[in-house]
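**Student:** Mind looking over this structure? Questions follow.
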Amino acid sequence: MDNKKRRGLNFDSRAVYTPPDPATKSISPPIIMSSSFQYDAEIFQRIVDGARKEVNIYGRCGNPSEYQFEEQMMMIEGGDACLATASGMAAISITLLGLLKSGDHIVCDWTTYSSTHEMLDHRLTDYNIETTFVDTANPEAVKAAIRPNTKVIYFETIANPSMKVAAIPPLVEMAHERGIVVICDNTFASPYVMRPLEWGVDIVVESATKFIGGHSDVIGGSICMKSDILPADFLEQIRWNTMVKLGAPLAPFNAWMLSRGIQTLSVRLERACKTAAKMARHFEGHNKVGRVWYPGLESHPQHEIAKAQMPKFGAMLTFDVGDGDRALKVLDNLELSCFSASLGGVRSTTQIPALMAFLDIPKEERLEMGISDGMIRLSVGLEDADDLIADFDAALALL
Ligand SMILES: Cc1ncc(COP(=O)(O)O)c(C=O)c1O
């Protein structure tokens, strides 16, 4: 099937389809583990002439298994190009370091993944790249934060852990009028739930470690692009100028694992989203639970545009049980859900954002980001919904 036809398929088919391997016709793509590749005079000349992706140069520069994953990610994000990376954080840092230089400025949402926030707030500042943190759901606040040297507006489609869904088109309009690049981290949604490139975002990064891989057994990331304001070969430029230099390629076996994960993304997420909606409604009426944050709830503050962008509500939810000790007691007494740092796997996983991912961020700053001590964040997996609810009810009853 040619790529034009492949792009025209519905999402589920795009996620499942991979072309047969040309050499063996295997349906499952081979894993090319080699770090080095044999040249001949012609190949060597092409490398000297600047060929990058068309010939295999060296494992750190790219690898056929990685390209297979990039092709699949490009298809499911609806992008024109993709660059695979060693992790989600590698995707974020390579994108920003590839795009920005000393003196540039970023406008970023208050609530992003903790390592992203820390990188912008503490690391990039060492290189004279400043960030202003605002609520990107408020276009006026974004507008007020834009400076003549602003190069990037950055946010997460579903923010961690507030589950706030960004209204993308007004941000894109404001940014593109000024030549500013819009980048969003789509990890919490996954391309099954939301595809930001279709809403005008220039670059979407994913921690493929999460829903893309889906089994809590692989680390990886992706950068996908569809942009009228960036050069068409922007990702190839940063592949060579930034990713290769920082040394953060996706390992071949990890690429293969992630390629496999993409093929079951729809069925996993369809089930997990349904269970998450049922659990959110259950927690909303629970006498031991305070506020519940889930995009599918009527009570969830949501822009009309955000609703249109995301007809499916995702498999992530957050709820409050009062304070950190109470939250810890609940998580420590769960038997079916797993108390763990990550998300997006077949097992439901829980964490306390204030005591885990956001621990290094001072409490005052954390509260300003909307992260209270008693928040429990839940990544809903594939267990039976009633069993999960019973597991939480038993732990909540101990409070
Ligand atoms: C929203 C979000 N973005 C990025 C990352 C970083 O991903 P990775 O751990 O693959 O580097 C995470 C990790 O938890 C995340 O939650």
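Please note that chains go A, B, ... in the order of the structure tokens, that every chain numbers its residues from 1, and that ligands are numbered from 1 in the order shown.
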Tell me which protein, DNA and RNA residues are within 7 Å of Glu156 in chain A, counting only C-alpha atoms, leaving out same-chain ones fewer than 3 positions away, and put them as a list in words.

**Tutor:** Thr112, Ala159, Cys184, Asp185 and Asn186 of chain A

**Student:** Can you check which residues of range 47-226 of chain A DSSP gives as strand (DSSP E or B) on the backbone and send them as a PyMOL selection string?

**Tutor:** chain A and resi 58+81-85+105-109+130-134+150-156+158+165+181-185+203-207+221-225

**Student:** Quick one: residues within 8 Å of range 128-137 of chain A, only C-alpha atoms counted, chain neighbours fewer than 5 positions away excluded, as a CSV table (one decimal) with all heavy atoms, in the first residue's frame?

**Tutor:**
```csv
chain,number,residue,atom,x,y,z
A,100,LEU,N,16.0,26.2,19.8
A,100,LEU,CA,16.3,27.5,20.5
A,100,LEU,C,17.8,27.8,20.6
A,100,LEU,O,18.6,26.9,20.5
A,100,LEU,CB,15.7,27.4,21.9
A,100,LEU,CG,14.2,27.2,22.0
A,100,LEU,CD1,13.8,26.8,23.4
A,100,LEU,CD2,13.5,28.4,21.4
A,101,LYS,N,18.1,29.1,20.8
A,101,LYS,CA,19.4,29.5,21.1
A,101,LYS,C,19.4,30.5,22.2
A,101,LYS,O,18.4,31.0,22.6
A,101,LYS,CB,20.1,30.0,19.8
A,101,LYS,CG,19.4,31.2,19.2
A,101,LYS,CD,20.2,31.6,18.0
A,101,LYS,CE,19.6,32.8,17.3
A,101,LYS,NZ,18.3,33.3,17.6
A,102,SER,N,20.6,30.8,22.7
A,102,SER,CA,20.7,31.7,23.8
A,102,SER,C,20.0,33.0,23.5
A,102,SER,O,20.1,33.6,22.4
A,102,SER,CB,22.2,32.0,24.0
A,102,SER,OG,22.4,33.1,25.0
A,103,GLY,N,19.2,33.5,24.5
A,103,GLY,CA,18.5,34.8,24.3
A,103,GLY,C,17.0,34.5,23.9
A,103,GLY,O,16.2,35.5,23.9
A,104,ASP,N,16.7,33.3,23.5
A,104,ASP,CA,15.3,33.0,23.2
A,104,ASP,C,14.4,32.8,24.4
A,104,ASP,O,14.9,32.6,25.5
A,104,ASP,CB,15.2,31.7,22.3
A,104,ASP,CG,15.7,31.9,20.9
A,104,ASP,OD1,15.8,33.1,20.5
A,104,ASP,OD2,16.1,30.9,20.2
A,105,HIS,N,13.1,32.9,24.2
A,105,HIS,CA,12.1,32.9,25.3
A,105,HIS,C,11.0,31.9,25.0
A,105,HIS,O,10.6,31.7,23.8
A,105,HIS,CB,11.6,34.3,25.5
A,105,HIS,CG,10.5,34.4,26.5
A,105,HIS,ND1,9.2,34.7,26.1
A,105,HIS,CD2,10.5,34.3,27.8
A,105,HIS,CE1,8.4,34.8,27.2
A,105,HIS,NE2,9.2,34.5,28.3
A,106,ILE,N,10.5,31.2,26.0
A,106,ILE,CA,9.4,30.2,25.9
A,106,ILE,C,8.3,30.7,26.8
A,106,ILE,O,8.5,31.2,27.9
A,106,ILE,CB,9.9,28.9,26.4
A,106,ILE,CG1,11.2,28.4,25.7
A,106,ILE,CG2,8.8,27.8,26.3
A,106,ILE,CD1,11.8,27.1,26.3
A,107,VAL,N,7.0,30.5,26.3
A,107,VAL,CA,5.9,30.6,27.1
A,107,VAL,C,5.3,29.2,27.3
A,107,VAL,O,5.1,28.5,26.4
A,107,VAL,CB,4.8,31.5,26.5
A,107,VAL,CG1,3.5,31.6,27.4
A,107,VAL,CG2,5.3,32.9,26.2
A,108,CYS,N,5.2,28.8,28.6
A,108,CYS,CA,4.9,27.4,28.9
A,108,CYS,C,3.8,27.4,29.9
A,108,CYS,O,3.7,28.2,30.8
A,108,CYS,CB,6.1,26.7,29.5
A,108,CYS,SG,5.8,25.0,29.9
A,109,ASP,N,2.9,26.4,29.9
A,109,ASP,CA,1.9,26.2,30.8
A,109,ASP,C,2.5,25.9,32.2
A,109,ASP,O,3.5,25.3,32.3
A,109,ASP,CB,0.9,25.0,30.5
A,109,ASP,CG,-0.3,25.1,31.3
A,109,ASP,OD1,-1.2,25.9,30.9
A,109,ASP,OD2,-0.4,24.4,32.3
A,110,TRP,N,1.7,26.3,33.3
A,110,TRP,CA,2.2,26.1,34.6
A,110,TRP,C,2.3,24.6,34.9
A,110,TRP,O,3.2,24.2,35.6
A,110,TRP,CB,1.1,26.6,35.6
A,110,TRP,CG,1.5,27.9,36.2
A,110,TRP,CD1,0.8,29.1,36.0
A,110,TRP,CD2,2.6,28.2,37.0
A,110,TRP,NE1,1.4,30.1,36.7
A,110,TRP,CE2,2.6,29.6,37.3
A,110,TRP,CE3,3.7,27.5,37.5
A,110,TRP,CZ2,3.5,30.2,38.1
A,110,TRP,CZ3,4.7,28.1,38.2
A,110,TRP,CH2,4.6,29.5,38.5
A,120,LEU,N,13.0,23.6,32.1
A,120,LEU,CA,12.7,25.0,31.6
A,120,LEU,C,13.1,26.0,32.7
A,120,LEU,O,13.7,27.0,32.4
A,120,LEU,CB,11.3,25.2,31.2
A,120,LEU,CG,10.7,24.3,30.1
A,120,LEU,CD1,9.3,24.5,29.8
A,120,LEU,CD2,11.5,24.6,28.8
A,121,ASP,N,12.7,25.7,33.9
A,121,ASP,CA,12.9,26.6,35.0
A,121,ASP,C,14.3,26.7,35.6
A,121,ASP,O,14.7,27.7,36.1
A,121,ASP,CB,11.9,26.2,36.2
A,121,ASP,CG,11.6,27.4,37.0
A,121,ASP,OD1,11.7,28.6,36.6
A,121,ASP,OD2,11.2,27.2,38.2
A,142,VAL,N,-1.5,34.2,27.9
A,142,VAL,CA,-0.4,33.8,27.0
A,142,VAL,C,0.0,35.1,26.2
A,142,VAL,O,1.2,35.3,26.0
A,142,VAL,CB,-1.0,32.7,26.0
A,142,VAL,CG1,0.1,32.4,25.0
A,142,VAL,CG2,-1.4,31.5,26.8
A,145,ALA,N,2.2,37.3,28.0
A,145,ALA,CA,3.6,36.8,28.3
A,145,ALA,C,4.5,36.8,27.1
A,145,ALA,O,5.7,36.6,27.2
A,145,ALA,CB,3.4,35.3,28.8
A,155,PHE,N,2.9,23.4,25.9
A,155,PHE,CA,1.9,22.9,26.8
A,155,PHE,C,1.7,21.4,26.6
A,155,PHE,O,2.2,20.8,25.7
A,155,PHE,CB,0.5,23.6,26.7
A,155,PHE,CG,0.0,23.5,25.3
A,155,PHE,CD1,-0.9,22.5,25.0
A,155,PHE,CD2,0.3,24.5,24.3
A,155,PHE,CE1,-1.5,22.4,23.7
A,155,PHE,CE2,-0.2,24.4,23.0
A,155,PHE,CZ,-1.1,23.3,22.7
A,165,VAL,N,-7.5,20.3,29.7
A,165,VAL,CA,-7.3,20.1,28.3
A,165,VAL,C,-7.1,21.5,27.6
A,165,VAL,O,-8.0,22.3,27.7
A,165,VAL,CB,-8.5,19.4,27.7
A,165,VAL,CG1,-8.3,19.2,26.2
A,165,VAL,CG2,-8.7,18.0,28.4
A,166,ALA,N,-6.0,21.6,27.0
A,166,ALA,CA,-5.7,22.9,26.4
A,166,ALA,C,-6.6,23.1,25.2
A,166,ALA,O,-6.9,22.2,24.4
A,166,ALA,CB,-4.2,22.9,25.9
A,167,ALA,N,-7.1,24.4,25.0
A,167,ALA,CA,-7.8,24.7,23.8
A,167,ALA,C,-6.8,25.2,22.8
A,167,ALA,O,-6.2,26.3,22.9
A,167,ALA,CB,-8.8,25.8,24.1
A,171,LEU,N,-4.5,29.3,20.6
A,171,LEU,CA,-3.0,29.4,20.9
A,171,LEU,C,-2.2,29.4,19.6
A,171,LEU,O,-1.3,30.1,19.4
A,171,LEU,CB,-2.6,28.3,21.8
A,171,LEU,CG,-3.1,28.2,23.2
A,171,LEU,CD1,-2.5,27.0,23.9
A,171,LEU,CD2,-2.6,29.5,24.0
```

**Student:** Determine, counting only C-alpha atoms, which protein, DNA and RNA residues have an atom within 9 Å of an atom of Glu198 in chain A; residues of the same chain fewer than 5 positions away are not included. Present the result as an mmCIF file with all heavy atoms, in the first residue's frame.

**Tutor:**
```
data_model
loop_
_atom_site.group_PDB
_atom_site.id
_atom_site.type_symbol
_atom_site.label_atom_id
_atom_site.label_comp_id
_atom_site.auth_asym_id
_atom_site.auth_seq_id
_atom_site.Cartn_x
_atom_site.Cartn_y
_atom_site.Cartn_z
ATOM 1 N N GLU A 77 -0.028 9.990 14.260
ATOM 2 C CA GLU A 77 -0.141 11.394 14.693
ATOM 3 C C GLU A 77 -0.702 12.267 13.572
ATOM 4 O O GLU A 77 -1.077 13.398 13.806
ATOM 5 C CB GLU A 77 1.232 11.975 15.088
ATOM 6 C CG GLU A 77 1.914 11.324 16.268
ATOM 7 C CD GLU A 77 1.465 11.847 17.627
ATOM 8 O OE1 GLU A 77 0.358 12.410 17.721
ATOM 9 O OE2 GLU A 77 2.217 11.672 18.599
ATOM 10 N N GLY A 78 -0.684 11.747 12.327
ATOM 11 C CA GLY A 78 -1.094 12.569 11.191
ATOM 12 C C GLY A 78 -0.028 13.593 10.848
ATOM 13 O O GLY A 78 -0.328 14.709 10.423
ATOM 14 N N GLY A 79 1.250 13.217 11.020
ATOM 15 C CA GLY A 79 2.341 14.156 10.762
ATOM 16 C C GLY A 79 2.990 13.959 9.403
ATOM 17 O O GLY A 79 2.685 13.005 8.685
ATOM 18 N N LYS A 226 4.091 18.658 11.769
ATOM 19 C CA LYS A 226 3.324 19.078 10.590
ATOM 20 C C LYS A 226 3.230 20.582 10.743
ATOM 21 O O LYS A 226 2.535 21.073 11.639
ATOM 22 C CB LYS A 226 1.935 18.435 10.617
ATOM 23 C CG LYS A 226 1.103 18.692 9.372
ATOM 24 C CD LYS A 226 -0.243 17.979 9.533
ATOM 25 C CE LYS A 226 -1.183 18.315 8.415
ATOM 26 N NZ LYS A 226 -0.773 17.733 7.139
#
```

**Student:** Tell me which protein, DNA and RNA residues are within 8 Å of Gly296 in chain A, counting only C-alpha atoms, leaving out same-chain ones fewer than 6 positions away, and put them as a list in words.

**Tutor:**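 The residues satisfying every condition are Ala277, Lys312 and Phe313 of chain A.
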
**Student:** Write to file, as an mmCIF file, in the first residue's frame, the residues of the selection just made, with N, CA and C atoms.

**Tutor:**
```
data_model
loop_
_atom_site.group_PDB
_atom_site.id
_atom_site.type_symbol
_atom_site.label_atom_id
_atom_site.label_comp_id
_atom_site.auth_asym_id
_atom_site.auth_seq_id
_atom_site.Cartn_x
_atom_site.Cartn_y
_atom_site.Cartn_z
ATOM 1 N N ALA A 277 -13.764 6.424 32.774
ATOM 2 C CA ALA A 277 -14.986 7.235 32.901
ATOM 3 C C ALA A 277 -15.865 6.667 34.024
ATOM 4 N N LYS A 312 -12.881 11.646 22.930
ATOM 5 C CA LYS A 312 -12.626 10.567 23.906
ATOM 6 C C LYS A 312 -11.903 11.215 25.084
ATOM 7 N N PHE A 313 -12.139 10.695 26.280
ATOM 8 C CA PHE A 313 -11.682 11.461 27.445
ATOM 9 C C PHE A 313 -10.382 10.976 28.079
#
```

**Student:** At a cut-off of 6 Å around ligand 1, and using only C-alpha atoms and all ligand atoms, what residues come up? Please write them as a PyMOL selection string.

**Tutor:** chain A and resi 87-89+113+187-188+207+209+219-221+342
